[in-house]
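Participant: File coords28.tsv follows (TSV, C-alpha atoms):
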```tsv
chain	number	residue	atom	x	y	z
A	1	MET	CA	184.65	46.23	130.68
A	2	SER	CA	187.64	48.14	132.00
A	3	ARG	CA	187.01	51.36	133.90
A	4	ASP	CA	189.66	52.89	131.63
A	5	ALA	CA	186.72	53.49	129.26
A	6	MET	CA	184.22	56.19	130.13
A	7	LEU	CA	181.01	54.92	131.68
A	8	THR	CA	177.69	56.36	130.56
A	9	ILE	CA	174.67	56.32	132.84
A	10	TYR	CA	171.33	56.27	131.04
A	11	SER	CA	167.70	55.59	131.91
A	12	GLU	CA	164.95	54.57	129.51
A	13	ASP	CA	162.55	56.51	131.72
A	14	HIS	CA	163.57	59.75	130.02
A	15	ARG	CA	161.09	58.86	127.25
A	16	LEU	CA	158.23	59.41	129.70
A	17	GLN	CA	158.80	63.17	129.37
A	18	HIS	CA	157.43	63.86	125.92
A	19	GLY	CA	155.56	67.14	125.82
A	20	LYS	CA	153.46	68.06	122.80
A	21	VAL	CA	153.74	71.86	122.51
A	22	GLU	CA	155.52	74.90	123.87
A	23	LEU	CA	154.73	78.58	123.35
A	24	THR	CA	157.57	80.37	121.56
A	25	GLY	CA	157.50	83.65	119.67
A	26	GLY	CA	153.72	83.81	119.84
A	27	HIS	CA	153.27	80.35	118.33
A	28	PHE	CA	152.58	76.91	119.74
A	29	ILE	CA	155.27	74.64	118.30
A	30	PRO	CA	156.37	71.05	118.97
A	31	VAL	CA	158.53	70.92	122.09
A	32	VAL	CA	162.20	71.32	121.10
A	33	GLU	CA	163.38	69.24	124.06
A	34	LYS	CA	162.35	65.74	122.96
A	35	PRO	CA	163.28	62.08	123.53
A	36	GLU	CA	165.28	61.87	120.29
A	37	ARG	CA	167.94	64.03	121.92
A	38	ALA	CA	168.99	61.35	124.40
A	39	GLU	CA	168.47	58.53	121.94
A	40	THR	CA	170.78	59.99	119.30
A	41	ILE	CA	173.47	60.63	121.90
A	42	LEU	CA	173.20	57.06	123.18
A	43	ALA	CA	173.39	55.62	119.66
A	44	ARG	CA	176.55	57.59	118.93
A	45	ILE	CA	178.18	56.59	122.22
A	46	LYS	CA	177.60	52.95	121.35
A	47	SER	CA	178.79	53.31	117.76
A	48	VAL	CA	182.13	54.90	118.75
A	49	GLY	CA	182.66	52.43	121.60
A	50	LEU	CA	183.03	55.07	124.29
A	51	GLY	CA	182.43	52.54	127.04
A	52	GLU	CA	179.84	50.65	129.04
A	53	VAL	CA	176.29	51.99	129.41
A	54	ARG	CA	174.65	51.35	132.78
A	55	ALA	CA	171.21	51.93	134.23
A	56	PRO	CA	171.06	54.17	137.30
A	57	GLU	CA	170.56	53.24	140.92
A	58	ARG	CA	167.52	54.66	142.68
A	59	PHE	CA	168.15	57.30	145.33
A	60	GLY	CA	164.67	58.54	146.23
A	61	THR	CA	163.86	62.16	146.96
A	62	ASP	CA	166.12	62.78	150.00
A	63	PRO	CA	169.10	63.97	147.89
A	64	ILE	CA	166.75	66.18	145.87
A	65	ALA	CA	165.50	67.81	149.06
A	66	ARG	CA	169.07	68.88	149.83
A	67	VAL	CA	168.76	71.56	147.12
A	68	HIS	CA	165.03	71.83	146.33
A	69	ALA	CA	162.22	72.96	148.63
A	70	PRO	CA	160.03	70.13	149.94
A	71	HIS	CA	156.85	71.92	148.84
A	72	PHE	CA	158.26	72.18	145.29
A	73	ILE	CA	159.01	68.45	145.23
A	74	ARG	CA	155.47	67.70	146.41
A	75	PHE	CA	154.07	69.97	143.71
A	76	LEU	CA	155.90	68.14	140.91
A	77	GLU	CA	154.78	64.78	142.32
A	78	THR	CA	151.08	65.71	142.33
A	79	ALA	CA	150.78	68.32	139.57
A	80	TRP	CA	149.73	65.96	136.78
A	81	ASP	CA	146.94	64.33	138.77
A	82	GLU	CA	145.65	67.72	139.90
A	83	TRP	CA	145.76	69.02	136.32
A	84	VAL	CA	143.99	65.98	134.85
A	85	ALA	CA	141.22	66.28	137.44
A	86	GLN	CA	140.48	69.78	136.11
A	87	HIS	CA	141.39	69.59	132.43
A	88	GLY	CA	141.84	65.99	131.31
A	89	GLU	CA	144.97	64.45	129.79
A	90	ILE	CA	146.49	67.43	127.99
A	91	ASP	CA	149.91	68.98	128.70
A	92	ALA	CA	149.91	71.29	131.73
A	93	LEU	CA	151.18	74.80	130.96
A	94	PRO	CA	150.74	77.96	133.06
A	95	THR	CA	148.79	80.95	131.79
A	96	ASN	CA	149.59	83.43	134.56
A	97	TRP	CA	152.52	84.07	136.89
A	98	ALA	CA	153.27	85.35	140.38
A	99	VAL	CA	155.02	88.49	139.18
A	100	ARG	CA	156.81	91.05	141.33
A	101	ASN	CA	153.80	93.29	142.14
A	102	MET	CA	151.63	90.39	143.33
A	103	ARG	CA	151.59	88.45	146.58
A	104	GLN	CA	153.89	85.44	146.56
A	105	VAL	CA	151.37	82.90	147.80
A	106	ILE	CA	150.84	79.31	146.73
A	107	PRO	CA	147.18	78.99	145.69
A	108	SER	CA	145.23	75.77	146.08
A	109	SER	CA	144.20	75.62	142.41
A	110	ILE	CA	146.49	73.82	139.97
A	111	GLU	CA	146.40	76.83	137.62
A	112	GLY	CA	147.72	79.04	140.40
A	113	LYS	CA	150.36	76.50	141.39
A	114	LEU	CA	151.66	76.26	137.82
A	115	GLY	CA	152.03	80.03	137.70
A	116	TYR	CA	153.78	80.09	141.07
A	117	TYR	CA	156.28	77.33	140.33
A	118	ALA	CA	156.97	77.90	136.61
A	119	SER	CA	158.74	80.84	134.98
A	120	ASP	CA	157.90	80.07	131.34
A	121	CYS	CA	155.28	78.28	129.24
A	122	GLY	CA	157.74	76.14	127.31
A	123	THR	CA	158.12	73.41	129.92
A	124	PRO	CA	155.02	71.22	129.86
A	125	ILE	CA	154.20	68.88	132.71
A	126	THR	CA	152.97	65.56	131.30
A	127	LYS	CA	151.84	62.20	132.60
A	128	GLY	CA	155.45	61.00	132.73
A	129	THR	CA	157.19	64.13	134.02
A	130	TRP	CA	157.54	63.01	137.63
A	131	ARG	CA	159.11	59.64	136.82
A	132	ALA	CA	161.34	61.10	134.12
A	133	ALA	CA	162.57	63.87	136.39
A	134	LEU	CA	163.30	61.42	139.20
A	135	SER	CA	165.20	59.12	136.86
A	136	SER	CA	167.26	62.02	135.52
A	137	VAL	CA	168.40	62.82	139.05
A	138	ASP	CA	169.19	59.15	139.60
A	139	VAL	CA	171.34	59.20	136.45
A	140	ALA	CA	173.31	62.16	137.82
A	141	LEU	CA	173.67	60.69	141.32
A	142	THR	CA	174.79	57.30	140.02
A	143	GLY	CA	177.47	59.09	138.03
A	144	ALA	CA	178.57	61.09	141.07
A	145	LYS	CA	178.82	57.91	143.17
A	146	LEU	CA	181.02	56.24	140.56
A	147	VAL	CA	183.26	59.29	140.16
A	148	ALA	CA	183.69	59.48	143.92
A	149	ALA	CA	184.56	55.78	144.06
A	150	ASP	CA	187.59	55.84	141.76
A	151	GLY	CA	188.06	59.36	140.44
A	152	LYS	CA	187.54	58.46	136.78
A	153	PRO	CA	185.23	60.56	134.59
A	154	VAL	CA	181.63	59.48	134.07
A	155	PHE	CA	178.96	60.80	131.70
A	156	SER	CA	175.44	61.09	133.08
A	157	LEU	CA	173.11	61.25	130.08
A	158	CYS	CA	170.43	63.19	131.92
A	159	ARG	CA	167.10	63.97	130.37
A	160	PRO	CA	165.16	66.07	131.16
A	161	PRO	CA	167.98	68.57	131.69
A	162	GLY	CA	168.26	70.48	134.93
A	163	HIS	CA	170.34	73.65	135.15
A	164	HIS	CA	167.44	76.13	134.85
A	165	ALA	CA	165.57	74.59	137.81
A	166	SER	CA	166.11	76.58	141.00
A	167	THR	CA	165.15	75.92	144.61
A	168	ASP	CA	161.42	76.06	143.90
A	169	VAL	CA	161.00	76.99	140.22
A	170	TYR	CA	160.95	74.86	137.07
A	171	CYS	CA	161.59	76.27	133.59
A	172	GLY	CA	163.69	75.91	130.46
A	173	TYR	CA	162.72	72.23	130.05
A	174	CYS	CA	164.15	71.59	133.55
A	175	PHE	CA	162.34	70.24	136.62
A	176	PHE	CA	165.01	69.11	139.10
A	177	ASN	CA	168.53	70.49	138.94
A	178	ASN	CA	170.55	67.34	138.27
A	179	ALA	CA	173.93	69.08	138.40
A	180	ALA	CA	173.14	70.85	141.67
A	181	VAL	CA	171.87	67.66	143.30
A	182	ALA	CA	175.08	65.89	142.22
A	183	ALA	CA	177.27	68.74	143.49
A	184	GLN	CA	175.51	68.62	146.86
A	185	TRP	CA	175.96	64.84	146.93
A	186	PHE	CA	179.72	65.30	146.48
A	187	ARG	CA	179.71	67.74	149.40
A	188	ASP	CA	177.68	65.40	151.58
A	189	ASN	CA	180.03	62.53	150.81
A	190	GLY	CA	183.40	64.02	151.61
A	191	ALA	CA	184.29	66.69	149.04
A	192	ALA	CA	185.18	69.92	150.87
A	193	ARG	CA	184.89	72.06	147.75
A	194	VAL	CA	182.98	71.40	144.53
A	195	ALA	CA	182.94	73.42	141.32
A	196	VAL	CA	180.09	73.43	138.83
A	197	LEU	CA	181.25	74.49	135.37
A	198	ASP	CA	178.29	75.25	133.13
A	199	ILE	CA	179.09	75.25	129.39
A	200	ASP	CA	175.55	75.25	128.07
A	201	TYR	CA	174.64	78.05	125.66
A	202	HIS	CA	172.08	79.35	128.17
A	203	HIS	CA	172.98	80.54	131.64
A	204	GLY	CA	172.41	78.01	134.44
A	205	ASN	CA	170.22	80.36	136.45
A	206	GLY	CA	168.89	77.60	138.68
A	207	THR	CA	172.34	76.35	139.68
A	208	GLN	CA	173.47	79.89	140.40
A	209	GLU	CA	170.45	80.59	142.60
A	210	ILE	CA	170.89	77.39	144.59
A	211	PHE	CA	174.54	78.06	145.48
A	212	TYR	CA	174.66	81.88	145.35
A	213	GLY	CA	175.13	82.35	149.09
A	214	ARG	CA	177.70	79.56	149.58
A	215	ASP	CA	181.47	79.28	149.34
A	216	ASP	CA	181.67	75.48	149.32
A	217	VAL	CA	180.33	75.22	145.75
A	218	LEU	CA	181.85	77.45	143.09
A	219	PHE	CA	179.60	78.21	140.12
A	220	VAL	CA	181.18	79.22	136.81
A	221	SER	CA	179.11	79.72	133.65
A	222	LEU	CA	179.93	80.43	130.00
A	223	HIS	CA	176.79	81.50	128.15
A	224	ALA	CA	175.03	83.93	125.84
A	225	ASP	CA	174.49	87.47	127.10
A	226	PRO	CA	171.25	87.38	129.16
A	227	ASN	CA	170.48	90.94	128.11
A	228	VAL	CA	169.33	89.46	124.79
A	229	GLU	CA	168.94	85.73	125.53
A	230	TYR	CA	167.07	83.36	127.85
A	231	PRO	CA	166.92	83.32	130.85
A	232	TYR	CA	167.22	87.15	130.67
A	233	TYR	CA	167.09	87.87	134.40
A	234	LEU	CA	170.27	86.16	135.65
A	235	GLY	CA	173.73	85.55	134.24
A	236	TYR	CA	175.24	89.03	134.17
A	237	ALA	CA	178.94	89.50	134.82
A	238	ASP	CA	178.38	91.60	137.95
A	239	GLU	CA	176.62	88.72	139.74
A	240	ARG	CA	179.38	87.35	141.97
A	241	GLY	CA	177.54	85.77	144.89
A	242	GLU	CA	176.34	87.18	148.17
A	243	GLY	CA	177.15	86.78	151.85
A	244	ALA	CA	179.44	83.80	152.37
A	245	GLY	CA	179.17	83.16	148.63
A	246	GLU	CA	180.51	86.50	147.49
A	247	GLY	CA	183.22	85.86	144.92
A	248	TYR	CA	182.12	82.26	144.32
A	249	THR	CA	180.02	82.90	141.23
A	250	LEU	CA	181.71	83.74	137.93
A	251	ASN	CA	179.58	84.57	134.90
A	252	LEU	CA	181.23	84.91	131.50
A	253	PRO	CA	178.49	86.10	129.12
A	254	MET	CA	179.31	86.32	125.41
A	255	PRO	CA	177.59	87.94	122.41
A	256	PHE	CA	175.60	86.36	119.62
A	257	GLY	CA	177.89	84.97	116.94
A	258	THR	CA	180.61	83.86	119.37
A	259	THR	CA	183.14	81.59	117.63
A	260	TRP	CA	185.81	79.29	119.02
A	261	ASP	CA	188.51	81.93	119.57
A	262	ARG	CA	186.28	84.02	121.83
A	263	TYR	CA	184.87	80.96	123.54
A	264	ARG	CA	188.37	79.57	124.18
A	265	GLU	CA	189.31	82.74	126.06
A	266	ALA	CA	186.32	82.36	128.37
A	267	LEU	CA	187.04	78.66	128.84
A	268	ASP	CA	190.62	79.41	129.86
A	269	ALA	CA	189.40	82.01	132.36
A	270	SER	CA	186.93	79.53	133.85
A	271	LEU	CA	189.58	76.85	134.30
A	272	ALA	CA	191.95	79.33	135.94
A	273	ARG	CA	189.24	80.24	138.47
A	274	ILE	CA	188.48	76.58	139.21
A	275	ARG	CA	192.16	75.77	139.74
A	276	ASP	CA	192.51	78.78	142.03
A	277	TYR	CA	189.49	77.60	143.99
A	278	GLY	CA	191.01	74.17	144.62
A	279	ALA	CA	187.94	72.04	143.95
A	280	ASP	CA	187.94	68.41	145.06
A	281	ALA	CA	185.39	67.49	142.36
A	282	VAL	CA	183.83	69.15	139.32
A	283	VAL	CA	180.35	68.80	137.89
A	284	LEU	CA	180.40	69.76	134.22
A	285	SER	CA	176.99	70.98	133.07
A	286	PHE	CA	177.41	70.30	129.38
A	287	GLY	CA	175.06	71.68	126.78
A	288	ALA	CA	175.88	71.15	123.10
A	289	ASP	CA	173.61	74.03	122.09
A	290	THR	CA	176.67	76.21	121.46
A	291	PHE	CA	176.72	74.45	118.07
A	292	GLN	CA	176.38	76.71	115.02
A	293	GLU	CA	173.28	74.90	113.71
A	294	ASP	CA	171.37	74.72	116.98
A	295	PRO	CA	167.80	75.88	116.30
A	296	ILE	CA	167.39	78.00	119.45
A	297	SER	CA	170.93	79.32	119.91
A	298	GLN	CA	173.21	81.93	118.41
A	299	PHE	CA	176.82	80.73	118.95
A	300	LYS	CA	178.97	79.46	116.08
A	301	LEU	CA	180.98	76.50	117.38
A	302	ASN	CA	181.49	73.61	114.97
A	303	SER	CA	181.79	69.89	115.65
A	304	ASP	CA	185.60	69.98	115.81
A	305	ASP	CA	185.38	72.70	118.45
A	306	PHE	CA	183.76	70.21	120.83
A	307	THR	CA	186.85	68.02	120.47
A	308	ARG	CA	189.03	71.02	121.29
A	309	MET	CA	186.82	71.81	124.25
A	310	GLY	CA	187.10	68.27	125.61
A	311	GLU	CA	190.89	68.25	125.26
A	312	ILE	CA	191.21	71.55	127.15
A	313	LEU	CA	188.83	70.43	129.89
A	314	GLY	CA	190.53	67.05	130.24
A	315	ARG	CA	193.94	68.66	130.69
A	316	GLY	CA	192.77	71.64	132.69
A	317	LEU	CA	190.38	70.35	135.33
A	318	GLY	CA	192.71	67.86	137.00
A	319	VAL	CA	190.16	66.58	139.53
A	320	PRO	CA	187.41	63.92	139.45
A	321	THR	CA	184.79	65.12	136.98
A	322	LEU	CA	181.17	64.20	136.37
A	323	THR	CA	179.70	65.37	133.07
A	324	VAL	CA	175.94	65.96	133.22
A	325	MET	CA	173.95	66.47	130.01
A	326	GLU	CA	172.01	69.70	129.69
A	327	GLY	CA	170.85	71.25	126.38
A	328	GLY	CA	171.58	70.77	122.69
A	329	TYR	CA	168.78	70.69	120.13
A	330	ALA	CA	170.37	70.18	116.70
A	331	VAL	CA	169.42	66.51	116.90
A	332	ASP	CA	171.10	65.37	113.67
A	333	ALA	CA	174.54	66.53	114.89
A	334	LEU	CA	173.98	66.13	118.62
A	335	GLY	CA	175.45	62.64	118.98
A	336	VAL	CA	178.61	63.62	117.11
A	337	ASN	CA	179.12	66.80	119.12
A	338	VAL	CA	178.57	65.11	122.47
A	339	SER	CA	180.79	62.14	121.67
A	340	ASN	CA	183.51	64.47	120.34
A	341	LEU	CA	183.70	66.21	123.69
A	342	LEU	CA	183.50	63.02	125.74
A	343	GLN	CA	186.14	61.14	123.75
A	344	ALA	CA	188.52	64.08	123.97
A	345	LEU	CA	187.79	64.58	127.66
A	346	GLU	CA	188.48	60.94	128.42
A	347	GLY	CA	191.67	60.85	126.32
A	348	ALA	CA	193.12	64.01	127.85
A	349	ALA	CA	192.23	62.93	131.39
A	350	CYS	CA	194.01	59.56	131.10
```
Translate the structure described by the file into structure tokens.
Facilitator:
Amino acid sequence: MSRDAMLTIYSEDHRLQHGKVELTGGHFIPVVEKPERAETILARIKSVGLGEVRAPERFGTDPIARVHAPHFIRFLETAWDEWVAQHGEIDALPTNWAVRNMRQVIPSSIEGKLGYYASDCGTPITKGTWRAALSSVDVALTGAKLVAADGKPVFSLCRPPGHHASTDVYCGYCFFNNAAVAAQWFRDNGAARVAVLDIDYHHGNGTQEIFYGRDDVLFVSLHADPNVEYPYYLGYADERGEGAGEGYTLNLPMPFGTTWDRYREALDASLARIRDYGADAVVLSFGADTFQEDPISQFKLNSDDFTRMGEILGRGLGVPTLTVMEGGYAVDALGVNVSNLLQALEGAAC
């Protein structure tokens, strides 16, 4: 197939992450982040003929260790076995946390480790978490390698998502930060400057934390106001970076009920900042949870707005772009919304 069509990178291993419950609003409910998300996106990509679907290469953990702490990687590799030894084969969720008035130590017990490394109890570790998380990174890195090879856009259908995972914390359904690992890979393979544009409904707190002190990776995020929305503790407009990274973080928080007109203004501002920065490559952290029917979100974009978004991004970015899948939980419409953006992005970029 011609590389004029957009490649999609996808791994069947995503199905290995299939948690049973999360704690939300005082209730245990079925996990909102589920395998059907990736499957419905893949089915739609095939039905519209977006382009070839490829399995990822394997990259191992070395690229992950470029942005995540080695002790955090080891924890995720061994957590399930440690948990099963204590509790049997039931999803691992923390019940206590290393909060600000306690010592920040890593206990030897698995219960203590979960509380140290997690920041919510909605991200269960399961028997398949380690393999699924590794494969999701491989999906992102394979996409980055292809984008670097010929400059044409690629879609990495990552699951589990990644943008909430920070240097040594997992949360928000995210274990490894796929977008951050890909951005670092671009840097390590010749790109002097990389921009990460996060258009998920929720702020990419993990990506911001990883690059907050650096000027070689610009982080720009459009998201719901963290004063009233997850992740609550990062994503405010006055967070601009620190040290060498001061001025290289741009947060554009928006209120509940945001519609296309307001969102378009923020999108234009983000593209202006990226052009001013002069990025050699862009990683687009794309969450379709800005959709008006998303069950855990409060924006009001419709399916046609994703087409508009893709057209604007395709015309406005102007540099090699890797799109990495993040959130989006209205499963019935998810394939349409994702393919709308990708088709428009590809058409405008040609």
Participant: What gap, in Å, lies between CA of Gly19 (chain A) and CA of Leu141 (chain A)?
Facilitator: 24.7 Å
Participant: For Ala179 (chain A), which residue out of A:Thr307, A:Thr207, A:Ser109, A:Thr258 is the nearest one, using only C-alpha atoms?
Facilitator: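 So, comparing all the options, the nearest one is A:Thr207.
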Participant: Skipping near chain neighbours, those fewer than 2 positions away, what residues fall within 8 Å of region 31-34 of chain A using all atoms listed in the file, listed as a PyMOL selection string?
Facilitator: chain A and resi 17-22+29+36-37+122+160+173+329
Participant: Work out how far apart CA of Leu197 (chain A) and CA of Tyr170 (chain A) are and give it in Å to one decimal.
Facilitator: 20.4 Å
Participant: Would you list the contacts of His202 (chain A) as a list in words, taking every protein, DNA or RNA residue within 7 Å and counting all atoms listed in the file, but skipping same-chain residues closer than 4 positions in sequence?
Facilitator: His223, Ala224 and Tyr230 of chain A
Participant: Can you work out which one of A:Ile274, A:Leu252, A:Met309, A:Ala333 has the shortest atom-to-atom distance to Asp289 (chain A), counting only C-alpha atoms?
Facilitator: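 Among A:Ile274, A:Leu252, A:Met309, A:Ala333, it is A:Ala333 that comes nearest to Asp289 (chain A).
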Participant: Between A:Thr95, A:Ser136, A:Ser47, A:Gln292, which has the minimum distance to Arg15 (chain A) (counting all atoms listed in the file)?
Facilitator: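 Looking at the shortest contact to Arg15 (chain A), the residue is A:Ser136.
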Participant: So what do you get for CA of Asp332 (chain A) versus CA of Asn302 (chain A), distance-wise?
Facilitator: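 Between these atoms lies a distance of 13.3 Å.
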Participant: Any idea what's packed within 10 Å of Thr61 (chain A), counting only C-alpha atoms, ignoring anything in its chain fewer than 5 positions away? Could you give it as a PyMOL selection string?
Facilitator: chain A and resi 66+68+70+73+134+137-138
Participant: Determine, counting all atoms listed in the file, every residue of protein, DNA or RNA that lies within 8 Å of (155.3, 84.8, 139.2) in the file coordinates, then give the result as a list in words.
Facilitator: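 Final list of nearby residues, as requested, is Asn96, Trp97, Ala98, Val99, Arg100, Met102, Gln104, Gly115, Tyr116, Tyr117, Ala118 and Ser119 of chain A.
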Participant: Would you give me, as JSON lines, each residue of region 288-327 of chain A having an atom within 9 Å of an atom of region 262-270 of chain A, along with its shortest atom pair and that distance in Å to one decimal, using all atoms listed in the file and sorting by chain and residue number?
Facilitator:
```
{"residue": "A:Leu301", "atom": "CA", "partner": "A:Tyr263", "partner_atom": "CA", "distance": 8.5}
{"residue": "A:Met309", "atom": "CA", "partner": "A:Arg264", "partner_atom": "CA", "distance": 7.9}
{"residue": "A:Ile312", "atom": "CA", "partner": "A:Asp268", "partner_atom": "CA", "distance": 8.3}
{"residue": "A:Leu313", "atom": "CA", "partner": "A:Leu267", "partner_atom": "CA", "distance": 8.5}
{"residue": "A:Gly316", "atom": "CA", "partner": "A:Asp268", "partner_atom": "CA", "distance": 8.5}
```
Participant: Residues within 9 Å of (186.4, 59.9, 133.1), file coordinates, counting only C-alpha atoms: what are they? Give the list as a ChimeraX atom specification.
Facilitator: /A:3-7,147,151-155,314,320-323,342,345-347,349-350
Participant: Pick out the closest residue to Cys171 (chain A) from this set: A:Val139, A:Leu114, A:Ala195, A:Leu157. Count all atoms listed in the file.
Facilitator: A:Leu114
Participant: For Ala288 (chain A), list every protein, DNA or RNA residue within 8 Å, evaluated using all atoms listed in the file, and leave out those in the same chain fewer than 2 positions away; present the list as a PyMOL selection string.
Facilitator: chain A and resi 200-201+286+290-291+326-329+334+337-338
Participant: In terms of the shortest atom-to-atom distance over all atoms listed in the file, which of A:Gly257, A:Leu222, A:Gln208, A:Ala192 is closest to Gly278 (chain A)?
Facilitator: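 Of A:Gly257, A:Leu222, A:Gln208, A:Ala192, the one nearest Gly278 (chain A) is A:Ala192, counting all atoms listed in the file.
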Participant: Which residue, A:His14, A:Val283, A:Ala344, A:Leu250, has the smallest gap to Gly310 (chain A) when you use all atoms listed in the file?
Facilitator: A:Ala344
Participant: Excluding Val53 (chain A) and its own-chain neighbours fewer than 3 positions away, which residues fall within 10 Å of it when counting only C-alpha atoms? Please give them as number ranges by chain.
Facilitator: A: 6-11, 42, 45-46, 50, 56, 155-157
Participant: Take the residues that were just selected and, keeping C-alpha atoms, output them as a PDB file, in the frame of the given file.
Facilitator:
```pdb
ATOM      1  CA  MET A   6     184.220  56.190 130.130  1.00  0.00           C
ATOM      2  CA  LEU A   7     181.010  54.920 131.680  1.00  0.00           C
ATOM      3  CA  THR A   8     177.690  56.360 130.560  1.00  0.00           C
ATOM      4  CA  ILE A   9     174.670  56.320 132.840  1.00  0.00           C
ATOM      5  CA  TYR A  10     171.330  56.270 131.040  1.00  0.00           C
ATOM      6  CA  SER A  11     167.700  55.590 131.910  1.00  0.00           C
ATOM      7  CA  LEU A  42     173.200  57.060 123.180  1.00  0.00           C
ATOM      8  CA  ILE A  45     178.180  56.590 122.220  1.00  0.00           C
ATOM      9  CA  LYS A  46     177.600  52.950 121.350  1.00  0.00           C
ATOM     10  CA  LEU A  50     183.030  55.070 124.290  1.00  0.00           C
ATOM     11  CA  PRO A  56     171.060  54.170 137.300  1.00  0.00           C
ATOM     12  CA  PHE A 155     178.960  60.800 131.700  1.00  0.00           C
ATOM     13  CA  SER A 156     175.440  61.090 133.080  1.00  0.00           C
ATOM     14  CA  LEU A 157     173.110  61.250 130.080  1.00  0.00           C
TER      15      LEU A 157
END
```
